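**Q** Mind looking over this structure? Questions follow.
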Amino acid sequence: MTQIAGWTELDDRAVAYARALAMDAVQKVGNGHPGTAMALAPVAYNLFQRHLVHDPADPSWLGRDRFILSCGHSSMTLYTQLFFSGYGLEMQDIQSFRTWGSLTPGHPEYGHTAGVEMTTGPLGAGVATSVGFAMAARYERGLLDPDAPAGTSIFDHSIWVICSDGDLQEGVSGEASSLAGTQALGNLNVIYDDNRISIEGDTHVSFTEDVAARYRAYGWHVQEVPALSDGNVDLISLDKAMIAAKAELTKPSLIRMHSTIAWPAPKARGTAKSHGSALGDEEIAATKLELGLNPDEKFAMPDDVFAHVRAVKERGAAKHKEWDGKFAQWQNANPERAALLKRLVSRELPDGWEDALPIFEAGKDVATRNASGHVINAIAKVLPEFWGGSADLADSNMTTIEGGNSFLPASSVMKNADPYGRIIHFGIREHAMGSILNGITLSGLTRAFGGTFLMFSDYMRPAVRLAALMDIPTTFVWTHDSIGVGEDGPTHQPIEHFAALRAIPNFHVIRPADANETAACWLEILKRNKPAGILLSRQALPTLPSNSAGVAKGAYAVKPVTNPKVSIIATGSEVSVALKAAEILEKDGIATQVVSAPCLEWFAEQDASYRESLLPKSSIKVSIEAGVAQGWREYVGDSGIIISLDHFGAS
């Protein structure tokens, strides 16, 4: 029996059955990743039963800890604990693992299965996103309970992560972990399952660095937990390390835990095959004998074991009730902050907040990045939950909230450092920035943005795609959105990026034509609560009269004409080009309508009659955009004209 205070023989049996469920679920469907789930069964069980603050009856409870399974391929590690804990998964869901329509898909999916805090599977994303969760926890505390001593606020909570060798090989995890050290995120605890196995075998064919030393260099609190002599996880030492990690409030914690994949399978343990393949009936039967289980039983769960593991639901409810009492006291003592929290939880915006948005004088040339900067600061004055920054390009992206102070720990010696500051310095880490923004958004209470040049959205694409996949309202700010970027040349001139970003389902690509459209686009971004990227110009553009209603529809006639002979549709900086072209055409007696289309995704939502009014079938349709032609044929038709840029720019 494992010698941990309060641990009983029923806990040992629960872990054994968890390992068996991992084998049975993968074997039934014929595919999956049983080995890591088998090895991690005691780790996840100990976390959910003893360390994680959670209430399975209320997966969105504000006072809960967050758990992220970064190695999402080992999804049975999470599903088993959600089943044990009573999050709504039952045995039939485990039996339906990786099948169509089930609550237990191959990788955990946010919004699909209760208790899943984020969609994981792309390795490294969970580790990086967890940094955003941890940063958000500190900022939210600053909004709601800034004066409470460290570790005493009802809004303090821990972020727990289990990750794999593969997660720490991906560059995004290193980017984010470096920033986590700088931010001294003592609420972040990562358990690294160092089993030295990946699909190609022993990870030492490509991964031999001293990970513990690397994380110490990042400024993390690092503990090592060697495996037992038989290869099993040393749960006693791990439990002590987890307690120490929770007690460390000034640094993020990494527990490097050594394990044997597929333990205790007689033949499959320690093999690459067990990483991603069913073990087979013979090996499963032999493993169940090793575990002291009946080899003939499949998906077994004795009543006494089940009752024991489900008791965590009662303990969670008790913790929640205790928290509710403290929350009531906080509400009474902080009525204004309580009102703010109520608004933040409901994702409502304060009455009249739109009045704060600037209106720009028509006829004056303004770069949309500059207009966005003015809008960001106007929004910040009325929305305390609005914060963000840039990947070391704030002065170019215009993403600085004036007087907002730098989001940095109290221990920082940097100028304007403030643990609750509104300006995030992501450093030159675009991919990590995207993942961290997702974590902040998933945390639920605040609205964050992050900026870089549009060219470098390529570095962020996995995080952008995950935002769209999870349908979360992360906002990406991308400036220098065309070839009009000065002398930098083709390396900094986005050509294919409009089309590439529009190819991501459920993602809103927004390219305003001028300063007033920029303000209207920000208004719509905040109202819609959807994943979005706003693309902004470096160069100054003519300011047009404000038309928020038209912008909200995704496209509108910026130069309307009755029965046009030609209809030109353009985005961003090319709208002013289209207007000049229309002047020339009309001098020749050709009636020309010009349509500004700041967001084609919003335009696609409109009914057919509205779309026809802007691009009548009877007119010759022309699109103008300084990017590749891909996507525009849908709007101009077979006989239409696409004016595009289908080669790289030039210096």
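Letters A, B, ... mark the chains of the structure tokens in the order given; residue numbers begin at 1 per chain; ligand numbers begin at 1, in order shown.
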Would you please give, as JSON, numbers by chain, all residues of region 367-470 of chain A that DSSP assigns to alpha helix (DSSP H) based on the backbone?
**A** {"A": [368, 369, 370, 371, 372, 373, 374, 375, 376, 377, 378, 379, 380, 381, 382, 394, 395, 396, 397, 430, 431, 432, 433, 434, 435, 436, 437, 438, 439, 440, 441, 442, 443, 457, 458, 459, 460, 461, 462, 463, 464, 465, 466, 467, 468, 469, 470]}
**Q** Just C-alpha atoms for this one: save the residues we selected as an mmCIF file, in the first residue's frame.
**A**
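Saved result, selection-v9.cif, follows:
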data_model
loop_
_atom_site.group_PDB
_atom_site.id
_atom_site.type_symbol
_atom_site.label_atom_id
_atom_site.label_comp_id
_atom_site.auth_asym_id
_atom_site.auth_seq_id
_atom_site.Cartn_x
_atom_site.Cartn_y
_atom_site.Cartn_z
ATOM 1 C CA THR A 368 -5.120 52.449 -38.851
ATOM 2 C CA ARG A 369 -2.490 51.195 -36.377
ATOM 3 C CA ASN A 370 -2.452 54.712 -34.885
ATOM 4 C CA ALA A 371 -6.243 54.831 -34.854
ATOM 5 C CA SER A 372 -6.294 51.454 -33.117
ATOM 6 C CA GLY A 373 -3.927 52.775 -30.472
ATOM 7 C CA HIS A 374 -6.323 55.626 -29.716
ATOM 8 C CA VAL A 375 -9.248 53.208 -29.594
ATOM 9 C CA ILE A 376 -7.415 50.782 -27.292
ATOM 10 C CA ASN A 377 -6.749 53.578 -24.822
ATOM 11 C CA ALA A 378 -10.326 54.813 -25.030
ATOM 12 C CA ILE A 379 -11.626 51.305 -24.313
ATOM 13 C CA ALA A 380 -9.170 50.868 -21.444
ATOM 14 C CA LYS A 381 -10.635 53.909 -19.673
ATOM 15 C CA VAL A 382 -14.056 52.281 -19.393
ATOM 16 C CA ALA A 394 4.430 48.023 -28.767
ATOM 17 C CA ASP A 395 5.704 51.274 -30.247
ATOM 18 C CA SER A 396 4.985 49.961 -33.756
ATOM 19 C CA ASN A 397 1.776 48.080 -32.954
ATOM 20 C CA GLU A 430 4.880 35.440 -31.008
ATOM 21 C CA HIS A 431 3.762 31.821 -30.687
ATOM 22 C CA ALA A 432 3.832 31.943 -26.891
ATOM 23 C CA MET A 433 1.983 35.251 -26.990
ATOM 24 C CA GLY A 434 -0.863 33.632 -28.919
ATOM 25 C CA SER A 435 -1.068 30.704 -26.516
ATOM 26 C CA ILE A 436 -0.864 32.941 -23.447
ATOM 27 C CA LEU A 437 -3.662 35.119 -24.818
ATOM 28 C CA ASN A 438 -5.759 31.975 -25.194
ATOM 29 C CA GLY A 439 -5.072 31.071 -21.564
ATOM 30 C CA ILE A 440 -6.056 34.527 -20.381
ATOM 31 C CA THR A 441 -9.260 34.303 -22.412
ATOM 32 C CA LEU A 442 -10.057 30.804 -21.145
ATOM 33 C CA SER A 443 -9.608 31.971 -17.571
ATOM 34 C CA SER A 457 1.096 35.703 -37.643
ATOM 35 C CA ASP A 458 2.721 32.664 -39.260
ATOM 36 C CA TYR A 459 4.544 32.047 -35.982
ATOM 37 C CA MET A 460 1.218 32.253 -34.155
ATOM 38 C CA ARG A 461 -0.961 30.151 -36.418
ATOM 39 C CA PRO A 462 -1.284 27.085 -34.127
ATOM 40 C CA ALA A 463 -2.521 29.300 -31.290
ATOM 41 C CA VAL A 464 -4.849 31.220 -33.601
ATOM 42 C CA ARG A 465 -6.273 27.961 -34.892
ATOM 43 C CA LEU A 466 -6.841 26.709 -31.336
ATOM 44 C CA ALA A 467 -8.663 29.937 -30.453
ATOM 45 C CA ALA A 468 -10.963 29.366 -33.421
ATOM 46 C CA LEU A 469 -11.369 25.676 -32.618
ATOM 47 C CA MET A 470 -12.296 26.435 -28.997
#
**Q** Could you write out, as a PyMOL selection string, all the residues of region 78-231 of chain A that DSSP marks as strand (DSSP E)?
**A** chain A and resi 159-164+188-194+197-198+201-202+221-225
**Q** Nearest to Leu249 (chain A) among A:Val309, A:Ala555, A:Leu344, A:Ala184, with distances taken over only C-alpha atoms: which residue is it?
**A** A:Ala184
**Q** Taking a cut-off of 12 Å and counting only C-alpha atoms, can you build a table that, for each residue of region 413-476 of chain A near region 178-182 of chain A, reports the nearest atom pair and how far apart they are in Å (one decimal), sorted by chain then residue number, as CSV?
**A**
residue,atom,partner,partner_atom,distance
A:Val413,CA,A:Thr182,CA,11.2
A:Met414,CA,A:Thr182,CA,11.1
A:Ala417,CA,A:Thr182,CA,11.8
A:Pro419,CA,A:Thr182,CA,11.7
A:Ile424,CA,A:Leu179,CA,10.6
A:His425,CA,A:Leu179,CA,9.0
A:Phe426,CA,A:Leu179,CA,7.2
A:Gly427,CA,A:Leu179,CA,7.9
A:Ile428,CA,A:Leu179,CA,10.3
A:Arg429,CA,A:Leu179,CA,9.0
A:Glu430,CA,A:Leu179,CA,12.0
A:Ala432,CA,A:Leu179,CA,8.9
A:Met433,CA,A:Leu179,CA,9.7
A:Ile436,CA,A:Leu179,CA,10.0
**Q** Restricting the calculation to only C-alpha atoms: of A:Ile584, A:Ala333, A:Ala39, A:Leu52, which residue gets closest to Ser74 (chain A)?
**A** A:Ala39
**Q** Out of A:Gln92, A:Ser596, A:Gln81, A:Asn187, which residue has the shortest atom-to-atom distance to Arg66 (chain A) when counting only C-alpha atoms?
**A** A:Asn187
**Q** Show which residues sit within 7 Å of Val15 (chain A), as a list in words. Count only C-alpha atoms, and ignore same-chain residues fewer than 2 positions away.
**A**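 Listed by chain and then number, they are Asp11, Asp12, Arg13, Tyr17, Ala18, Arg19, Ala41, Pro42 and Tyr45 of chain A.
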**Q** Check the smallest atom-to-atom distance from each of A:Thr287, A:Ser651, A:Ser85, A:Ser537 to Met23 (chain A) using only C-alpha atoms, then report the winner.
**A**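 Comparing A:Thr287, A:Ser651, A:Ser85, A:Ser537 against Met23 (chain A), the winner is A:Thr287.
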**Q** When you draw a straight line from CA of Lys364 (chain A) to CA of Ile642 (chain A), how long is it in Å?
**A**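 Between CA of Lys364 (chain A) and CA of Ile642 (chain A) the gap works out to 28.8 Å.
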**Q** Which value, in Å to one decimal, gives the distance between CA of Ala57 (chain A) and CA of His112 (chain A)?
**A**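 According to the coordinates, CA of Ala57 (chain A) and CA of His112 (chain A) are separated by 16.1 Å.
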**Q** I'd like to know which of A:Asp24, A:Glu496, A:Asp646, A:Asp488 is closest to Pro295 (chain A), using only C-alpha atoms.
**A** A:Asp24
**Q** When you draw a straight line from CA of Ile94 (chain A) to CA of Pro34 (chain A), how long is it in Å?
**A** 13.0 Å
**Q** For a quick check of understanding, using only C-alpha atoms, which of A:Asp58, A:Glu625, A:Glu282, A:Asp167 has the smallest distance to Gly115 (chain A)?
**A**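 Counting only C-alpha atoms, the residue closest to Gly115 (chain A) is A:Asp58.
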